[in-house]
file my_file29.tsv (TSV, C-alpha atoms)
chain	number	residue	atom	x	y	z
M	1238	MET	CA	98.55	65.31	112.18
M	1239	PHE	CA	99.67	67.98	114.63
M	1240	ASN	CA	97.45	70.79	115.84
M	1241	VAL	CA	99.77	73.84	115.89
M	1242	ASN	CA	99.01	77.49	116.53
M	1243	VAL	CA	101.61	80.08	115.47
M	1244	ARG	CA	101.23	83.48	117.17
M	1245	ASP	CA	103.20	86.69	117.34
M	1246	PRO	CA	104.01	88.40	120.66
M	1247	ASN	CA	100.72	90.36	120.43
M	1248	GLY	CA	98.66	87.16	120.14
M	1249	SER	CA	97.83	87.44	116.41
M	1250	SER	CA	97.67	84.06	114.69
M	1251	ALA	CA	99.54	83.21	111.50
M	1252	LYS	CA	97.36	82.87	108.39
M	1253	VAL	CA	96.82	79.59	106.57
M	1254	THR	CA	95.28	79.11	103.12
M	1255	ALA	CA	92.27	76.87	102.47
M	1256	ASN	CA	94.76	74.20	101.34
M	1257	GLY	CA	96.64	74.30	104.66
M	1258	GLU	CA	99.63	76.32	103.40
M	1259	LEU	CA	101.24	78.77	105.82
M	1260	ILE	CA	101.31	82.30	104.35
M	1261	VAL	CA	104.88	83.62	104.44
M	1262	GLN	CA	104.59	86.66	102.19
M	1263	ASP	CA	103.30	90.23	102.35
M	1264	LEU	CA	99.78	90.60	103.68
M	1265	ASP	CA	98.59	92.67	100.74
M	1266	TYR	CA	99.71	94.11	97.43
M	1267	SER	CA	101.47	97.45	97.62
M	1268	ARG	CA	99.65	100.53	96.36
M	1269	PRO	CA	101.63	103.50	95.06
M	1270	HIS	CA	101.26	106.89	96.75
M	1271	TYR	CA	102.83	109.60	94.57
M	1272	VAL	CA	103.36	113.31	95.08
M	1273	ALA	CA	105.27	115.88	93.02
M	1274	LEU	CA	107.25	118.17	95.31
M	1275	ALA	CA	106.46	121.20	93.16
M	1276	VAL	CA	107.41	124.01	95.56
M	1277	ASN	CA	110.79	124.26	97.30
M	1278	ASP	CA	110.76	123.42	101.01
M	1279	GLN	CA	106.97	122.97	101.13
M	1280	ILE	CA	105.56	120.02	103.11
M	1281	TYR	CA	103.57	117.55	101.02
M	1282	ASN	CA	101.47	114.67	102.29
M	1283	VAL	CA	102.31	111.38	100.55
M	1284	VAL	CA	100.37	108.82	102.64
M	1285	THR	CA	97.23	109.69	104.60
M	1286	PRO	CA	96.49	107.59	107.68
M	1287	GLU	CA	93.44	105.36	108.01
M	1288	SER	CA	91.71	105.10	111.38
M	1289	GLY	CA	93.00	102.25	113.56
M	1290	LYS	CA	95.69	101.27	111.03
M	1291	LYS	CA	99.43	101.45	110.49
M	1292	PHE	CA	100.97	101.83	107.04
M	1293	ILE	CA	103.55	99.25	105.99
M	1294	ILE	CA	106.14	100.86	103.69
M	1295	LYS	CA	107.59	98.34	101.21
M	1296	GLY	CA	109.46	100.71	98.91
M	1297	ILE	CA	110.34	104.35	98.24
M	1298	LEU	CA	111.07	105.81	94.79
M	1299	ILE	CA	112.64	109.26	94.57
M	1300	SER	CA	112.89	110.76	91.09
M	1301	ALA	CA	114.65	113.97	90.09
M	1302	LYS	CA	113.98	115.56	86.74
M	1303	ARG	CA	116.83	116.65	84.49
M	1304	ASN	CA	116.40	120.29	85.42
M	1305	VAL	CA	117.21	119.79	89.13
M	1306	ASN	CA	119.80	122.36	90.16
M	1307	GLY	CA	122.77	120.17	91.15
M	1308	ASP	CA	121.75	117.95	94.06
M	1309	SER	CA	118.37	118.01	95.73
M	1310	SER	CA	117.86	117.12	99.39
M	1311	VAL	CA	114.72	115.07	99.99
M	1312	HIS	CA	113.29	114.40	103.45
M	1313	VAL	CA	110.56	111.76	103.98
M	1314	TYR	CA	109.16	111.49	107.48
M	1315	GLU	CA	106.33	110.45	109.76
M	1316	SER	CA	104.18	113.17	111.36
M	1317	THR	CA	101.17	113.51	113.65
M	1318	SER	CA	99.52	116.00	111.27
M	1319	VAL	CA	99.08	116.46	107.54
M	1320	GLY	CA	101.40	119.48	107.31
M	1321	GLY	CA	103.38	118.73	110.42
M	1322	THR	CA	107.07	118.68	111.00
M	1323	SER	CA	109.18	115.55	111.35
M	1324	GLU	CA	108.36	113.22	114.22
M	1325	THR	CA	110.32	110.26	112.86
M	1326	THR	CA	112.67	110.49	109.87
M	1327	ILE	CA	112.13	107.69	107.36
M	1328	LEU	CA	114.61	108.87	104.73
M	1329	ASN	CA	116.93	111.81	104.18
M	1330	ILE	CA	118.75	111.65	100.83
M	1331	ASP	CA	120.49	113.86	98.27
M	1332	ILE	CA	119.65	113.00	94.67
M	1333	ASN	CA	121.34	114.20	91.48
M	1334	LYS	CA	119.45	115.57	88.50
M	1335	GLY	CA	117.93	113.04	86.13
M	1336	LEU	CA	118.28	110.13	88.56
M	1337	ASN	CA	115.77	107.74	90.10
M	1338	THR	CA	116.53	106.01	93.39
M	1339	PHE	CA	114.48	103.06	94.61
M	1340	MET	CA	114.82	101.63	98.10
M	1341	SER	CA	113.20	98.37	99.08
M	1342	VAL	CA	112.31	98.46	102.77
M	1343	THR	CA	109.87	96.90	105.19
M	1344	MET	CA	108.85	99.32	107.91
M	1345	ALA	CA	105.66	100.26	109.74
M	1346	THR	CA	104.49	103.73	110.69
M	1347	LYS	CA	102.92	104.31	114.05
M	1348	GLU	CA	99.14	104.24	114.19
M	1349	HIS	CA	97.39	107.26	112.65
M	1350	ARG	CA	100.51	108.94	111.20
M	1351	TRP	CA	100.93	110.91	108.01
M	1352	VAL	CA	103.93	110.26	105.78
M	1353	ASN	CA	105.11	113.62	104.49
M	1354	ALA	CA	107.92	114.75	102.21
M	1355	THR	CA	109.77	117.93	101.37
M	1356	ALA	CA	112.65	118.84	99.02
M	1357	ASP	CA	114.79	121.88	98.34
M	1358	ASP	CA	114.12	121.63	94.59
M	1359	ASN	CA	110.76	121.83	92.83
M	1360	THR	CA	111.37	119.09	90.26
M	1361	VAL	CA	111.41	116.01	92.52
M	1362	GLY	CA	108.79	113.29	92.86
M	1363	VAL	CA	108.26	110.82	95.71
M	1364	THR	CA	106.39	107.51	95.42
M	1365	ILE	CA	105.84	105.36	98.48
M	1366	PHE	CA	104.66	101.78	97.99
M	1367	GLY	CA	102.86	99.93	100.76
M	1368	TYR	CA	99.62	98.85	102.39
M	1369	TYR	CA	97.59	99.35	105.57
M	1370	VAL	CA	97.32	96.84	108.44
M	1371	ASN	CA	95.32	96.93	111.65
M	1372	ALA	CA	97.26	98.59	114.48

call {"tool": "encode", "arguments": {"input": "my_file29.tsv", "output": "structure tokens"}}
result
Amino acid sequence: MFNVNVRDPNGSSAKVTANGELIVQDLDYSRPHYVALAVNDQIYNVVTPESGKKFIIKGILISAKRNVNGDSSVHVYESTSVGGTSETTILNIDINKGLNTFMSVTMATKEHRWVNATADDNTVGVTIFGYYVNA
């Protein structure tokens, strides 16, 4: 039997189950965070930060209803305030009416950051899937 310790560059140890199995999957189940972008060009908060944590984004679903006027531009970004402007762009996409677009990603926000969204059409919805981890 070997005594092994697996650590990341920050010194955090890898997790092992009670049966001695190394955990090589997501740390938690994703929770959906949904917002309807009901007013053109208005900033909406999708994910609210938790103190001392980062948010791990695992997926983004953008849905446009059938009455979208042509294409709709959707901007999802990280911000230092609930109604703040873009600090870091996460996604900028044009979506056609009646379509749903899902992107599977693995990305972390900075500590204590809001994830906000805006669109130039009032019939778009944004769902962000993910979970919080200690910063």

call {"tool": "axis_aligned_box", "arguments": {"input": "my_file29.tsv", "around": "segment 1349-1354 of chain M", "padding_each_side": "5 Å", "output": "lines of an AutoDock Vina configuration file"}}
result
center_x = 102.7
center_y = 111.0
center_z = 107.4
size_x = 20.5
size_y = 17.5
size_z = 20.4

call {"tool": "closest_residue", "arguments": {"input": "my_file29.tsv", "among": "M:Ala1273, M:Ala1301, M:Ala1354, M:Val1241", "to": "Gly1335 of chain M", "atoms": "only C-alpha atoms"}}
result
M:Ala1301

call {"tool": "residues_near_point", "arguments": {"input": "my_file29.tsv", "point": "(121.6, 114.9, 99.0)", "cutoff": "7 Å", "atoms": "all atoms listed in the file", "output": "PyMOL selection string"}}
result
chain M and resi 1308-1311+1330-1332

call {"tool": "closest_residue", "arguments": {"input": "my_file29.tsv", "among": "M:Thr1360, M:Ser1249, M:Ser1288, M:Asn1353", "to": "Ser1316 of chain M", "atoms": "only C-alpha atoms"}}
result
M:Asn1353

call {"tool": "atom_distance", "arguments": {"input": "my_file29.tsv", "atom1": "atom CA of Glu1324 of chain M", "atom2": "atom CA of Asn1337 of chain M"}}
result
25.8 Å

call {"tool": "build_atoms", "arguments": {"input": "my_file29.tsv", "residues": "segment 1322-1346 of chain M", "atoms": "N, CA and C atoms", "output": "PDB file, in the coordinates of the input"}}
result
ATOM      1  N   THR M1322     105.636 118.870 111.104  1.00  0.00           N
ATOM      2  CA  THR M1322     107.070 118.680 111.000  1.00  0.00           C
ATOM      3  C   THR M1322     107.430 117.238 111.346  1.00  0.00           C
ATOM      4  N   SER M1323     108.700 116.920 111.204  1.00  0.00           N
ATOM      5  CA  SER M1323     109.180 115.550 111.350  1.00  0.00           C
ATOM      6  C   SER M1323     109.070 115.043 112.774  1.00  0.00           C
ATOM      7  N   GLU M1324     108.383 113.929 112.934  1.00  0.00           N
ATOM      8  CA  GLU M1324     108.360 113.220 114.220  1.00  0.00           C
ATOM      9  C   GLU M1324     109.376 112.096 114.174  1.00  0.00           C
ATOM     10  N   THR M1325     109.370 111.345 113.063  1.00  0.00           N
ATOM     11  CA  THR M1325     110.320 110.260 112.860  1.00  0.00           C
ATOM     12  C   THR M1325     110.814 110.323 111.419  1.00  0.00           C
ATOM     13  N   THR M1326     112.116 110.466 111.221  1.00  0.00           N
ATOM     14  CA  THR M1326     112.670 110.490 109.870  1.00  0.00           C
ATOM     15  C   THR M1326     112.656 109.087 109.290  1.00  0.00           C
ATOM     16  N   ILE M1327     112.122 108.959 108.085  1.00  0.00           N
ATOM     17  CA  ILE M1327     112.130 107.690 107.360  1.00  0.00           C
ATOM     18  C   ILE M1327     113.310 107.665 106.396  1.00  0.00           C
ATOM     19  N   LEU M1328     113.547 108.796 105.724  1.00  0.00           N
ATOM     20  CA  LEU M1328     114.610 108.870 104.730  1.00  0.00           C
ATOM     21  C   LEU M1328     115.056 110.312 104.554  1.00  0.00           C
ATOM     22  N   ASN M1329     116.343 110.512 104.506  1.00  0.00           N
ATOM     23  CA  ASN M1329     116.930 111.810 104.180  1.00  0.00           C
ATOM     24  C   ASN M1329     118.005 111.521 103.136  1.00  0.00           C
ATOM     25  N   ILE M1330     117.840 112.028 101.912  1.00  0.00           N
ATOM     26  CA  ILE M1330     118.750 111.650 100.830  1.00  0.00           C
ATOM     27  C   ILE M1330     118.987 112.841  99.904  1.00  0.00           C
ATOM     28  N   ASP M1331     120.179 112.903  99.337  1.00  0.00           N
ATOM     29  CA  ASP M1331     120.490 113.860  98.270  1.00  0.00           C
ATOM     30  C   ASP M1331     120.434 113.090  96.960  1.00  0.00           C
ATOM     31  N   ILE M1332     119.781 113.674  95.966  1.00  0.00           N
ATOM     32  CA  ILE M1332     119.650 113.000  94.670  1.00  0.00           C
ATOM     33  C   ILE M1332     120.109 113.943  93.573  1.00  0.00           C
ATOM     34  N   ASN M1333     120.837 113.413  92.610  1.00  0.00           N
ATOM     35  CA  ASN M1333     121.340 114.200  91.480  1.00  0.00           C
ATOM     36  C   ASN M1333     120.280 114.331  90.402  1.00  0.00           C
ATOM     37  N   LYS M1334     120.435 115.338  89.561  1.00  0.00           N
ATOM     38  CA  LYS M1334     119.450 115.570  88.500  1.00  0.00           C
ATOM     39  C   LYS M1334     119.381 114.390  87.542  1.00  0.00           C
ATOM     40  N   GLY M1335     118.165 114.099  87.107  1.00  0.00           N
ATOM     41  CA  GLY M1335     117.930 113.040  86.130  1.00  0.00           C
ATOM     42  C   GLY M1335     118.004 111.631  86.683  1.00  0.00           C
ATOM     43  N   LEU M1336     118.145 111.472  87.986  1.00  0.00           N
ATOM     44  CA  LEU M1336     118.280 110.130  88.560  1.00  0.00           C
ATOM     45  C   LEU M1336     117.018 109.685  89.280  1.00  0.00           C
ATOM     46  N   ASN M1337     116.835 108.368  89.323  1.00  0.00           N
ATOM     47  CA  ASN M1337     115.770 107.740  90.100  1.00  0.00           C
ATOM     48  C   ASN M1337     116.444 106.830  91.116  1.00  0.00           C
ATOM     49  N   THR M1338     115.988 106.873  92.343  1.00  0.00           N
ATOM     50  CA  THR M1338     116.530 106.010  93.390  1.00  0.00           C
ATOM     51  C   THR M1338     115.390 105.240  94.008  1.00  0.00           C
ATOM     52  N   PHE M1339     115.500 103.915  93.999  1.00  0.00           N
ATOM     53  CA  PHE M1339     114.480 103.060  94.610  1.00  0.00           C
ATOM     54  C   PHE M1339     115.089 102.326  95.794  1.00  0.00           C
ATOM     55  N   MET M1340     114.393 102.363  96.911  1.00  0.00           N
ATOM     56  CA  MET M1340     114.820 101.630  98.100  1.00  0.00           C
ATOM     57  C   MET M1340     113.736 100.657  98.501  1.00  0.00           C
ATOM     58  N   SER M1341     114.116  99.401  98.610  1.00  0.00           N
ATOM     59  CA  SER M1341     113.200  98.370  99.080  1.00  0.00           C
ATOM     60  C   SER M1341     113.358  98.266 100.587  1.00  0.00           C
ATOM     61  N   VAL M1342     112.279  98.497 101.306  1.00  0.00           N
ATOM     62  CA  VAL M1342     112.310  98.460 102.770  1.00  0.00           C
ATOM     63  C   VAL M1342     111.055  97.741 103.266  1.00  0.00           C
ATOM     64  N   THR M1343     111.065  97.380 104.518  1.00  0.00           N
ATOM     65  CA  THR M1343     109.870  96.900 105.190  1.00  0.00           C
ATOM     66  C   THR M1343     109.833  97.597 106.541  1.00  0.00           C
ATOM     67  N   MET M1344     108.950  98.581 106.665  1.00  0.00           N
ATOM     68  CA  MET M1344     108.850  99.320 107.910  1.00  0.00           C
ATOM     69  C   MET M1344     107.409  99.745 108.134  1.00  0.00           C
ATOM     70  N   ALA M1345     107.024  99.876 109.387  1.00  0.00           N
ATOM     71  CA  ALA M1345     105.660 100.260 109.740  1.00  0.00           C
ATOM     72  C   ALA M1345     105.661 101.648 110.373  1.00  0.00           C
ATOM     73  N   THR M1346     104.683 102.462 109.997  1.00  0.00           N
ATOM     74  CA  THR M1346     104.490 103.730 110.690  1.00  0.00           C
ATOM     75  C   THR M1346     103.764 103.440 112.002  1.00  0.00           C
TER      76      THR M1346
END
